[in-house]
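Structure data follow from final-v2.tsv (TSV, C-alpha atoms and all ligand atoms):
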```tsv
chain	number	residue	atom	x	y	z
A	10	MET	CA	98.58	87.26	98.12
A	11	SER	CA	95.41	89.34	97.90
A	12	ALA	CA	92.68	89.25	100.50
A	13	THR	CA	89.27	88.17	99.17
A	14	PHE	CA	86.99	90.98	98.05
A	15	ASP	CA	84.21	91.04	95.46
A	16	PHE	CA	84.05	94.16	93.29
A	17	SER	CA	82.16	92.47	90.42
A	18	GLY	CA	80.53	95.02	88.14
A	19	ARG	CA	82.08	97.98	90.00
A	20	THR	CA	84.00	100.75	88.23
A	21	VAL	CA	87.49	101.52	89.53
A	22	VAL	CA	89.69	104.32	88.14
A	23	VAL	CA	93.40	104.40	89.04
A	24	VAL	CA	95.26	107.55	88.01
A	25	GLY	CA	99.00	106.90	87.81
A	26	GLY	CA	97.95	103.26	87.54
A	27	THR	CA	100.37	102.02	84.89
A	28	SER	CA	103.28	100.86	87.06
A	29	GLY	CA	104.42	99.97	90.55
A	30	ILE	CA	102.09	100.24	93.53
A	31	ASN	CA	99.19	101.79	91.63
A	32	LEU	CA	99.25	99.14	88.89
A	33	GLY	CA	99.28	96.55	91.69
A	34	ILE	CA	96.12	98.18	93.07
A	35	ALA	CA	94.44	98.21	89.63
A	36	ASP	CA	95.38	94.55	89.12
A	37	ALA	CA	93.95	93.50	92.48
A	38	PHE	CA	90.63	95.26	91.77
A	39	ALA	CA	90.47	93.62	88.30
A	40	ARG	CA	91.17	90.21	89.88
A	41	SER	CA	88.26	90.94	92.25
A	42	GLY	CA	85.87	91.45	89.33
A	43	ALA	CA	85.97	95.23	88.81
A	44	ASN	CA	85.99	97.03	85.49
A	45	VAL	CA	89.14	99.12	85.64
A	46	ALA	CA	90.50	102.26	83.96
A	47	VAL	CA	94.13	103.39	84.27
A	48	ALA	CA	95.89	106.57	83.19
A	49	SER	CA	99.37	108.08	83.08
A	50	ARG	CA	101.58	110.15	80.74
A	51	SER	CA	103.19	107.44	78.64
A	52	PRO	CA	100.93	105.85	75.98
A	53	GLU	CA	103.28	102.83	75.89
A	54	LYS	CA	102.95	102.28	79.65
A	55	VAL	CA	99.17	102.69	79.38
A	56	ASP	CA	98.92	100.08	76.60
A	57	LYS	CA	101.11	97.62	78.50
A	58	ALA	CA	99.11	98.03	81.71
A	59	VAL	CA	95.79	97.61	79.84
A	60	ASP	CA	97.07	94.36	78.29
A	61	GLN	CA	98.09	93.05	81.73
A	62	LEU	CA	94.76	93.98	83.33
A	63	LYS	CA	92.62	92.53	80.50
A	64	ALA	CA	93.94	89.06	81.38
A	65	HIS	CA	91.49	89.05	84.31
A	66	GLY	CA	88.49	89.15	81.96
A	67	THR	CA	86.76	92.40	82.97
A	68	THR	CA	86.41	95.60	80.91
A	69	VAL	CA	89.64	97.63	80.95
A	70	LEU	CA	90.26	101.11	79.59
A	71	GLY	CA	93.36	103.29	79.42
A	72	ALA	CA	94.12	106.93	78.68
A	73	ALA	CA	97.34	108.91	78.40
A	74	PHE	CA	97.34	112.29	80.11
A	75	ASP	CA	99.51	114.38	82.40
A	76	VAL	CA	97.80	115.22	85.71
A	77	ARG	CA	99.32	118.73	85.45
A	78	ASP	CA	97.05	119.36	82.43
A	79	ILE	CA	93.51	119.80	83.74
A	80	ASP	CA	91.95	119.65	80.27
A	81	GLY	CA	93.67	116.31	79.62
A	82	VAL	CA	92.44	114.99	82.98
A	83	LYS	CA	88.88	116.17	82.24
A	84	THR	CA	88.76	114.55	78.80
A	85	GLY	CA	90.33	111.30	80.02
A	86	LEU	CA	87.94	110.91	82.95
A	87	GLN	CA	84.93	111.79	80.78
A	88	THR	CA	85.91	109.00	78.37
A	89	PHE	CA	86.12	106.53	81.25
A	90	HIS	CA	82.68	107.64	82.51
A	91	GLU	CA	81.05	107.31	79.08
A	92	THR	CA	82.08	103.64	78.82
A	93	LEU	CA	82.13	102.46	82.42
A	94	GLY	CA	79.45	104.61	84.10
A	95	ALA	CA	79.67	106.21	87.54
A	96	PHE	CA	82.92	105.65	89.43
A	97	ASP	CA	82.62	103.45	92.54
A	98	VAL	CA	86.30	103.86	93.41
A	99	VAL	CA	88.97	106.37	92.38
A	100	VAL	CA	92.60	105.87	93.39
A	101	SER	CA	94.71	108.97	92.74
A	102	GLY	CA	98.42	108.20	92.98
A	103	ALA	CA	100.43	109.88	90.21
A	104	ALA	CA	103.69	111.15	91.69
A	105	GLY	CA	107.28	112.10	90.99
A	106	ASN	CA	110.32	111.94	93.26
A	107	PHE	CA	114.09	112.28	93.23
A	108	PRO	CA	116.52	112.84	96.12
A	109	ALA	CA	117.85	116.42	96.19
A	110	TYR	CA	118.75	119.02	98.80
A	111	ALA	CA	116.52	122.11	98.82
A	112	LYS	CA	119.56	124.36	98.38
A	113	ASP	CA	120.53	122.49	95.18
A	114	MET	CA	117.08	122.30	93.58
A	115	SER	CA	115.96	124.68	90.85
A	116	SER	CA	112.61	126.38	91.13
A	117	ASN	CA	111.38	124.13	88.33
A	118	ALA	CA	112.58	120.97	90.11
A	119	PHE	CA	110.58	121.83	93.26
A	120	ARG	CA	107.63	122.99	91.15
A	121	SER	CA	107.58	119.78	89.08
A	122	VAL	CA	106.99	117.57	92.11
A	123	VAL	CA	104.47	119.93	93.69
A	124	GLU	CA	102.60	120.21	90.40
A	125	ILE	CA	102.48	116.45	89.79
A	126	ASP	CA	101.72	115.32	93.35
A	127	LEU	CA	99.58	118.15	94.74
A	128	LEU	CA	98.13	120.21	91.90
A	129	GLY	CA	97.70	116.98	89.91
A	130	SER	CA	95.78	115.41	92.80
A	131	PHE	CA	93.51	118.45	92.90
A	132	HIS	CA	92.91	118.24	89.14
A	133	VAL	CA	91.97	114.56	89.38
A	134	ALA	CA	89.65	115.18	92.35
A	135	ARG	CA	87.98	118.16	90.71
A	136	GLU	CA	87.38	116.39	87.41
A	137	ALA	CA	86.41	113.04	88.98
A	138	TYR	CA	83.78	114.58	91.29
A	139	PRO	CA	80.95	114.85	88.70
A	140	HIS	CA	81.45	111.17	87.81
A	141	LEU	CA	81.59	109.72	91.34
A	142	LYS	CA	78.73	107.49	92.51
A	143	LYS	CA	76.66	109.51	95.01
A	144	PRO	CA	76.14	108.07	97.54
A	145	GLY	CA	78.66	105.27	97.81
A	146	ALA	CA	81.94	106.21	96.14
A	147	SER	CA	85.30	105.68	97.83
A	148	TYR	CA	88.07	108.14	96.89
A	149	ILE	CA	91.65	107.21	97.85
A	150	HIS	CA	94.85	109.27	97.64
A	151	ILE	CA	98.19	107.47	97.63
A	152	SER	CA	100.31	109.58	99.95
A	153	ALA	CA	103.76	108.94	101.48
A	154	PRO	CA	105.48	109.05	104.91
A	155	GLN	CA	107.21	112.28	103.81
A	156	ALA	CA	103.81	113.97	104.36
A	157	PHE	CA	104.29	113.88	108.14
A	158	LEU	CA	107.91	112.81	108.72
A	159	ALA	CA	110.61	115.32	107.86
A	160	SER	CA	113.76	114.12	106.14
A	161	GLN	CA	116.73	115.44	104.23
A	162	LEU	CA	116.58	115.35	100.39
A	163	GLN	CA	112.76	115.29	100.33
A	164	SER	CA	111.55	118.87	100.97
A	165	HIS	CA	109.63	118.96	97.67
A	166	VAL	CA	107.88	115.62	98.26
A	167	SER	CA	107.13	116.46	101.90
A	168	ALA	CA	105.53	119.77	100.96
A	169	ALA	CA	103.50	118.16	98.19
A	170	LYS	CA	102.30	115.05	100.04
A	171	ALA	CA	101.43	117.01	103.21
A	172	GLY	CA	99.19	119.02	100.89
A	173	VAL	CA	97.70	115.82	99.48
A	174	ASP	CA	96.74	114.63	102.97
A	175	MET	CA	95.12	117.97	103.78
A	176	LEU	CA	93.25	117.71	100.47
A	177	THR	CA	92.02	114.31	101.67
A	178	ARG	CA	90.72	115.84	104.91
A	179	SER	CA	89.15	118.86	103.19
A	180	LEU	CA	87.38	116.70	100.59
A	181	ALA	CA	86.19	114.30	103.30
A	182	LEU	CA	84.36	117.27	104.83
A	183	GLU	CA	83.10	118.73	101.56
A	184	TRP	CA	81.98	115.43	99.97
A	185	GLY	CA	80.70	113.65	103.10
A	186	GLY	CA	77.20	114.99	102.48
A	187	ASP	CA	77.21	113.29	99.06
A	188	GLY	CA	77.98	109.96	100.69
A	189	ILE	CA	81.53	109.92	99.28
A	190	ARG	CA	84.34	108.80	101.61
A	191	VAL	CA	87.84	110.21	101.07
A	192	ASN	CA	90.96	108.66	102.63
A	193	SER	CA	94.75	108.52	102.14
A	194	ILE	CA	96.94	105.43	102.17
A	195	VAL	CA	100.58	105.95	103.18
A	196	PRO	CA	102.63	103.06	101.78
A	197	GLY	CA	105.82	101.97	103.49
A	198	PRO	CA	108.82	100.80	101.46
A	199	ILE	CA	107.39	98.64	98.67
A	200	ALA	CA	109.82	96.18	97.07
A	201	GLY	CA	110.55	96.38	93.36
A	202	THR	CA	109.10	99.85	92.80
A	203	GLU	CA	110.45	103.00	91.17
A	204	GLY	CA	110.08	104.89	94.44
A	205	MET	CA	112.33	102.41	96.23
A	206	ALA	CA	114.86	102.41	93.37
A	207	ARG	CA	115.15	106.18	93.70
A	208	LEU	CA	115.42	106.38	97.51
A	209	ALA	CA	117.39	103.16	98.14
A	210	PRO	CA	119.57	102.81	95.04
A	211	THR	CA	122.25	100.46	96.50
A	212	PRO	CA	122.03	96.98	98.11
A	213	ALA	CA	123.32	98.48	101.39
A	214	LEU	CA	120.56	101.10	101.45
A	215	LYS	CA	117.96	98.47	100.55
A	216	ASP	CA	119.09	96.39	103.55
A	217	ALA	CA	118.98	99.50	105.75
A	218	VAL	CA	115.37	100.05	104.66
A	219	THR	CA	114.29	96.49	105.40
A	220	ASN	CA	115.98	96.52	108.81
A	221	SER	CA	114.34	99.84	109.68
A	222	VAL	CA	110.82	98.40	109.32
A	223	PRO	CA	109.51	97.05	112.64
A	224	LEU	CA	108.07	93.99	110.83
A	225	LYS	CA	111.55	93.43	109.23
A	226	ARG	CA	110.27	93.12	105.69
A	227	ASP	CA	109.51	95.39	102.74
A	228	GLY	CA	105.90	95.66	101.66
A	229	SER	CA	104.44	94.37	98.40
A	230	PRO	CA	101.97	96.02	96.02
A	231	ASP	CA	99.37	93.52	97.30
A	232	ASP	CA	99.82	94.86	100.85
A	233	ILE	CA	98.74	98.28	99.57
A	234	ALA	CA	96.05	96.87	97.27
A	235	ASN	CA	94.49	94.97	100.19
A	236	ALA	CA	94.25	98.23	102.16
A	237	ALA	CA	92.73	100.02	99.15
A	238	MET	CA	90.13	97.28	98.70
A	239	MET	CA	89.35	97.35	102.43
A	240	LEU	CA	88.84	101.14	102.30
A	241	ALA	CA	86.69	100.78	99.17
A	242	SER	CA	84.54	98.02	100.71
A	243	ASN	CA	81.42	98.27	102.86
A	244	ALA	CA	83.55	97.17	105.82
A	245	ALA	CA	85.03	100.69	105.78
A	246	GLY	CA	81.63	102.40	105.40
A	247	TYR	CA	82.28	104.73	108.39
A	248	ILE	CA	85.95	105.47	107.66
A	249	ASN	CA	86.29	108.97	106.23
A	250	GLY	CA	89.13	111.52	106.26
A	251	THR	CA	91.70	109.05	107.53
A	252	VAL	CA	95.42	108.96	106.69
A	253	LEU	CA	96.29	105.27	106.97
A	254	PRO	CA	99.94	104.11	107.09
A	255	VAL	CA	100.32	100.62	105.56
A	256	ASP	CA	103.98	100.19	106.34
A	257	GLY	CA	104.76	97.48	108.90
A	258	GLY	CA	105.11	100.24	111.51
A	259	TRP	CA	107.83	102.11	109.54
A	260	HIS	CA	106.39	105.54	110.43
A	261	LEU	CA	106.98	104.93	114.14
A	262	ALA	CA	110.76	105.40	113.82
A	263	GLY	CA	112.29	103.56	110.88
A	264	TYR	CA	111.58	106.00	108.06
A	265	SER	CA	113.57	108.88	109.57
A	266	ALA	CA	116.49	106.58	110.51
A	267	MET	CA	116.63	105.18	106.98
A	268	MET	CA	116.58	108.64	105.41
A	269	MET	CA	119.62	109.61	107.54
A	270	SER	CA	121.46	106.68	105.89
A	271	LEU	CA	120.39	107.92	102.46
A	272	ALA	CA	121.60	111.45	103.27
A	273	ASP	CA	125.00	110.04	104.40
A	274	ALA	CA	125.29	107.92	101.23
A	275	PHE	CA	124.29	110.90	99.09
A	276	ALA	CA	126.89	113.15	100.78
A	277	ALA	CA	129.61	110.49	100.27
A	278	LEU	CA	128.66	110.18	96.59
A	279	GLN	CA	128.80	113.95	96.11
A	280	LYS	CA	132.26	114.10	97.78
A	281	SER	CA	133.60	111.38	95.47
A	282	THR	CA	132.44	113.09	92.24
B	1	LIG	N1	117.94	116.40	91.17
B	1	LIG	C1	117.68	117.72	91.03
B	1	LIG	N2	116.82	118.20	90.08
B	1	LIG	C2	116.22	117.30	89.29
B	1	LIG	C3	116.42	115.92	89.39
B	1	LIG	C4	117.34	115.47	90.39
B	1	LIG	N3	117.61	114.17	90.55
B	1	LIG	N4	115.66	115.29	88.45
B	1	LIG	C5	114.99	116.25	87.79
B	1	LIG	N5	115.33	117.46	88.28
B	1	LIG	C6	114.88	118.76	87.81
B	1	LIG	C7	115.22	118.99	86.33
B	1	LIG	O1	116.58	119.41	86.17
B	1	LIG	C8	114.22	120.08	85.97
B	1	LIG	O2	114.63	121.33	86.46
B	1	LIG	P1	115.28	122.46	85.45
B	1	LIG	O3	114.26	122.71	84.40
B	1	LIG	O4	115.54	123.63	86.33
B	1	LIG	O5	116.55	121.83	84.91
B	1	LIG	C9	112.98	119.71	86.79
B	1	LIG	O6	113.44	118.82	87.83
B	1	LIG	C10	111.95	118.99	85.98
B	1	LIG	O7	112.57	117.88	85.32
B	1	LIG	P2	111.96	117.22	84.01
B	1	LIG	O8	112.73	115.98	83.73
B	1	LIG	O9	111.83	118.24	82.94
B	1	LIG	O10	110.48	116.91	84.54
B	1	LIG	P3	109.38	115.93	84.05
B	1	LIG	O11	108.12	116.63	84.24
B	1	LIG	O12	109.72	115.34	82.72
B	1	LIG	O13	109.53	114.71	85.13
B	1	LIG	C11	110.16	114.18	87.40
B	1	LIG	C12	109.16	114.84	86.47
B	1	LIG	C13	111.43	115.02	87.46
B	1	LIG	C14	109.54	114.11	88.80
B	1	LIG	C15	110.59	112.77	86.90
B	1	LIG	O14	111.52	112.22	87.79
B	1	LIG	C16	109.43	111.81	86.73
B	1	LIG	O15	108.78	111.81	85.68
B	1	LIG	N6	109.10	110.97	87.75
B	1	LIG	C17	107.99	109.99	87.68
B	1	LIG	C18	108.37	108.65	88.25
B	1	LIG	C19	108.73	108.71	89.71
B	1	LIG	O16	109.33	109.68	90.19
B	1	LIG	N7	108.38	107.63	90.41
B	1	LIG	C20	108.57	107.54	91.83
B	1	LIG	C21	107.30	107.93	92.52
B	1	LIG	S1	107.56	107.94	94.25
B	2	LIG	P1	105.84	104.58	89.83
B	2	LIG	O1	105.88	103.17	89.38
B	2	LIG	O2	106.80	105.54	89.21
B	2	LIG	O3	104.34	105.11	89.67
B	2	LIG	C1	104.01	106.43	89.37
B	2	LIG	C2	102.87	106.42	88.39
B	2	LIG	O4	102.45	107.76	88.16
B	2	LIG	C3	103.26	105.85	87.02
B	2	LIG	O5	102.15	105.17	86.48
B	2	LIG	C4	103.56	107.10	86.20
B	2	LIG	O6	103.42	106.80	84.80
B	2	LIG	C5	102.51	108.05	86.76
B	2	LIG	N1	102.84	109.48	86.63
B	2	LIG	C6	103.97	110.12	87.02
B	2	LIG	N2	103.89	111.43	86.72
B	2	LIG	C7	102.68	111.61	86.14
B	2	LIG	C8	102.01	112.74	85.61
B	2	LIG	N3	102.59	113.95	85.59
B	2	LIG	N4	100.76	112.58	85.09
B	2	LIG	C9	100.17	111.35	85.08
B	2	LIG	N5	100.75	110.25	85.57
B	2	LIG	C10	101.99	110.38	86.09
B	2	LIG	O7	106.09	104.73	91.40
B	2	LIG	P2	105.73	103.91	92.73
B	2	LIG	O8	107.00	103.84	93.49
B	2	LIG	O9	104.95	102.70	92.49
B	2	LIG	O10	104.81	105.00	93.51
B	2	LIG	C11	103.39	105.01	93.40
B	2	LIG	C12	102.78	105.89	94.49
B	2	LIG	O11	103.14	105.38	95.77
B	2	LIG	C13	103.25	107.34	94.46
B	2	LIG	O12	102.15	108.17	94.79
B	2	LIG	C14	104.30	107.38	95.55
B	2	LIG	O13	104.45	108.67	96.10
B	2	LIG	C15	103.70	106.42	96.57
B	2	LIG	N6	104.69	105.80	97.48
B	2	LIG	C16	105.59	104.90	97.02
B	2	LIG	C17	106.44	104.25	97.90
B	2	LIG	C18	107.38	103.17	97.41
B	2	LIG	O14	107.97	102.44	98.21
B	2	LIG	N7	107.53	102.98	96.12
B	2	LIG	C19	106.42	104.57	99.28
B	2	LIG	C20	105.51	105.54	99.71
B	2	LIG	C21	104.64	106.14	98.81
B	2	LIG	P3	103.99	107.72	83.61
B	2	LIG	O15	105.48	107.75	83.77
B	2	LIG	O16	103.51	107.03	82.36
B	2	LIG	O17	103.36	109.06	83.75
```

What is this file in structure tokens?
Amino acid sequence: MSATFDFSGRTVVVVGGTSGINLGIADAFARSGANVAVASRSPEKVDKAVDQLKAHGTTVLGAAFDVRDIDGVKTGLQTFHETLGAFDVVVSGAAGNFPAYAKDMSSNAFRSVVEIDLLGSFHVAREAYPHLKKPGASYIHISAPQAFLASQLQSHVSAAKAGVDMLTRSLALEWGGDGIRVNSIVPGPIAGTEGMARLAPTPALKDAVTNSVPLKRDGSPDDIANAAMMLASNAAGYINGTVLPVDGGWHLAGYSAMMMSLADAFAALQKST
């Protein structure tokens, strides 16, 4: 269930907004009256997301680009700006993940995640900046607990998302004078998402995740969307440069415990094959 916010007539861009958590964020903003634009690599996923979002009756645009390609990002965001005007809110959350030990990863495997999560976030920020409402825009990165909690099988994601959170803090300083606020949201385990399917691929691991959350439940896309709308609202007008876990308290202890279970399960799987 979404909290009540009114973003009527506002322009919200969600990069990586065609599935999972980010689509949930785009949907919540559209339900709250915003005109919404979403982007990701797959044209099919973009079309499907646009169809879903249009059901809420506001203007919806989509574009297919890879955040690793700065020219594609530039053209896509320009198109959004031409139709929807200055951006009130940008949510930047394109990401890739798979469990793998550092010693077993190729250079290209590590690079792929760093280039999508970190370099891609920089590309989106750089190319969104000219189109952000000044003053007044809210810029939000979707980060992850790996940014500040070490775990096995996630060296690539940890390196990339730690960089994303430092990008948040750097941009908060650089853009503060323009009246743009920049913050990160750190989702906990969100049920039904690709991220969860990759890091908790069995029923036993899913249960281990749920039990490791102090609130004893997985999150939902609406939990994250509510935090994004709060950060984008006037109520958060003095919140800038913050990294905000929205995770039922998972970062306090549960995340690291759960990732030990995943590492054990992964080791057992490797032994059996
Ligand atoms: N273990 C080890 N290496 C892996 C891997 C795994 N499970 N999955 C992919 N790789 C390696 C590939 O082998 C390749 O390296 P190589 O060229 O040395 O063989 C490298 O990663 C890039 O893979 P590729 O499939 O070509 O990359 P891509 O750009 O098409 O896709 C990924 C990027 C790999 C991150 C892909 O998983 C993806 O598109 N993810 C998006 C969805 C997602 O992860 N959602 C969850 C978000 S939390
Ligand atoms: P998801 O459904 O796979 O969402 C990822 C989105 O990014 C998709 O729209 C995907 O679409 C897009 N994308 C991936 N690579 C891209 C690229 N190179 N260029 C442009 N777009 C790209 O995953 P999710 O689990 O909901 O995760 C969403 C965000 O939440 C991520 O930032 C993730 O790190 C974070 N997070 C998730 C969890 C969780 O429990 N799921 C927990 C903590 C943090 P295409 O395939 O079409 O490109």

Output the neighbourhood of ligand LIG 2 (chain B) as an NGL selection string, that is, all protein and nucleic acid residues with some atom at most 8 Å from the ligand, counting all atoms listed in the file.
:A and (24-32 or 48-55 or 73-77 or 101-106 or 124-126 or 129 or 150-154 or 170 or 195-206 or 228)

12 Å contact set for Asp113 of chain A, all atoms listed in the file, chain neighbours under 3 positions out, as a list of chain:residue names
A:Pro108, A:Ala109, A:Tyr110, A:Ser116, A:Asn117, A:Ala118, A:Phe119, A:Leu162, A:Gln163, A:Ser164, A:His165, A:Gln279

Enclose the full set of atoms of ligand LIG 1 (chain B) listed in the file within a box whose edges lie along x, y and z, apply 4 Å of padding to each of the six sides, and report centre and edge lengths in Å to one decimal as AutoDock Vina command-line options.
```
--center_x 112.6 --center_y 115.6 --center_z 88.5 --size_x 18.6 --size_y 24.1 --size_z 19.5
```

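Minimum atom-to-atom distance to Ala244 of chain A, evaluated using only C-alpha atoms, belongs to A:Ser147 out of A:Ser130, A:Ser147, A:Thr92, A:Asn44.
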
What is the atom CA of Ala168 of chain A to atom CA of Ile34 of chain A distance in Å?
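These two atoms are separated by 24.8 Å.
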
Would you list the contacts of Phe38 of chain A as a PDB file with C-alpha atoms, in the coordinates of the input, taking every protein, DNA or RNA residue within 12 Å and counting only C-alpha atoms, but skipping same-chain residues closer than 5 positions in sequence?
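Writing done, so here's around-v3.pdb:
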```pdb
ATOM      1  CA  SER A  11      95.410  89.340  97.900  1.00  0.00           C
ATOM      2  CA  ALA A  12      92.680  89.250 100.500  1.00  0.00           C
ATOM      3  CA  THR A  13      89.270  88.170  99.170  1.00  0.00           C
ATOM      4  CA  PHE A  14      86.990  90.980  98.050  1.00  0.00           C
ATOM      5  CA  ASP A  15      84.210  91.040  95.460  1.00  0.00           C
ATOM      6  CA  PHE A  16      84.050  94.160  93.290  1.00  0.00           C
ATOM      7  CA  SER A  17      82.160  92.470  90.420  1.00  0.00           C
ATOM      8  CA  GLY A  18      80.530  95.020  88.140  1.00  0.00           C
ATOM      9  CA  ARG A  19      82.080  97.980  90.000  1.00  0.00           C
ATOM     10  CA  THR A  20      84.000 100.750  88.230  1.00  0.00           C
ATOM     11  CA  VAL A  21      87.490 101.520  89.530  1.00  0.00           C
ATOM     12  CA  VAL A  22      89.690 104.320  88.140  1.00  0.00           C
ATOM     13  CA  VAL A  23      93.400 104.400  89.040  1.00  0.00           C
ATOM     14  CA  GLY A  26      97.950 103.260  87.540  1.00  0.00           C
ATOM     15  CA  ASN A  31      99.190 101.790  91.630  1.00  0.00           C
ATOM     16  CA  LEU A  32      99.250  99.140  88.890  1.00  0.00           C
ATOM     17  CA  GLY A  33      99.280  96.550  91.690  1.00  0.00           C
ATOM     18  CA  ALA A  43      85.970  95.230  88.810  1.00  0.00           C
ATOM     19  CA  ASN A  44      85.990  97.030  85.490  1.00  0.00           C
ATOM     20  CA  VAL A  45      89.140  99.120  85.640  1.00  0.00           C
ATOM     21  CA  ALA A  46      90.500 102.260  83.960  1.00  0.00           C
ATOM     22  CA  VAL A  47      94.130 103.390  84.270  1.00  0.00           C
ATOM     23  CA  LEU A  62      94.760  93.980  83.330  1.00  0.00           C
ATOM     24  CA  LYS A  63      92.620  92.530  80.500  1.00  0.00           C
ATOM     25  CA  HIS A  65      91.490  89.050  84.310  1.00  0.00           C
ATOM     26  CA  GLY A  66      88.490  89.150  81.960  1.00  0.00           C
ATOM     27  CA  THR A  67      86.760  92.400  82.970  1.00  0.00           C
ATOM     28  CA  THR A  68      86.410  95.600  80.910  1.00  0.00           C
ATOM     29  CA  VAL A  69      89.640  97.630  80.950  1.00  0.00           C
ATOM     30  CA  ASP A  97      82.620 103.450  92.540  1.00  0.00           C
ATOM     31  CA  VAL A  98      86.300 103.860  93.410  1.00  0.00           C
ATOM     32  CA  VAL A  99      88.970 106.370  92.380  1.00  0.00           C
ATOM     33  CA  VAL A 100      92.600 105.870  93.390  1.00  0.00           C
ATOM     34  CA  ASP A 231      99.370  93.520  97.300  1.00  0.00           C
ATOM     35  CA  ILE A 233      98.740  98.280  99.570  1.00  0.00           C
ATOM     36  CA  ALA A 234      96.050  96.870  97.270  1.00  0.00           C
ATOM     37  CA  ASN A 235      94.490  94.970 100.190  1.00  0.00           C
ATOM     38  CA  ALA A 236      94.250  98.230 102.160  1.00  0.00           C
ATOM     39  CA  ALA A 237      92.730 100.020  99.150  1.00  0.00           C
ATOM     40  CA  MET A 238      90.130  97.280  98.700  1.00  0.00           C
ATOM     41  CA  MET A 239      89.350  97.350 102.430  1.00  0.00           C
ATOM     42  CA  ALA A 241      86.690 100.780  99.170  1.00  0.00           C
ATOM     43  CA  SER A 242      84.540  98.020 100.710  1.00  0.00           C
TER      44      SER A 242
END
```

Could you tell me how far atom CA of Met269 of chain A sits from atom CA of Gln161 of chain A, in Å to one decimal place?
7.3 Å

Residues within 12 Å of (88.3, 112.6, 81.1), counting all atoms listed in the file, listed as JSON, numbers by chain
{"A": [22, 24, 46, 47, 48, 70, 71, 72, 73, 74, 75, 76, 78, 79, 80, 81, 82, 83, 84, 85, 86, 87, 88, 89, 90, 91, 92, 93, 132, 133, 134, 135, 136, 137, 138, 139, 140]}

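In this structure, atom CA of Leu253 of chain A sits 28.6 Å away from atom N4 of ligand LIG 1 (chain B).
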
Nearest to ligand LIG 1 (chain B): which of A:Val191, A:Leu208, A:Ala181, A:Leu176 is it, counting only C-alpha atoms and all ligand atoms?
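Among A:Val191, A:Leu208, A:Ala181, A:Leu176, it is A:Leu208 that comes nearest to ligand LIG 1 (chain B).
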
Using only C-alpha atoms and all ligand atoms, the best pick from A:Leu261, A:Val59, A:Val166, A:Ala274 as closest to ligand LIG 1 (chain B) would be A:Val166

Got a sec: who's within 7 Å of Met268 of chain A, counting only C-alpha atoms, leaving out chain neighbours fewer than 3 positions off, as JSON, numbers by chain?
{"A": [160, 161, 264, 265, 271, 272]}

For a cutoff of 12 Å around the file-coordinate point (84.1, 106.4, 104.2), which residues qualify once you count only C-alpha atoms? I'd like the result as a PyMOL selection string.
chain A and resi 98+144-149+177-178+180-182+184-193+237+239-252
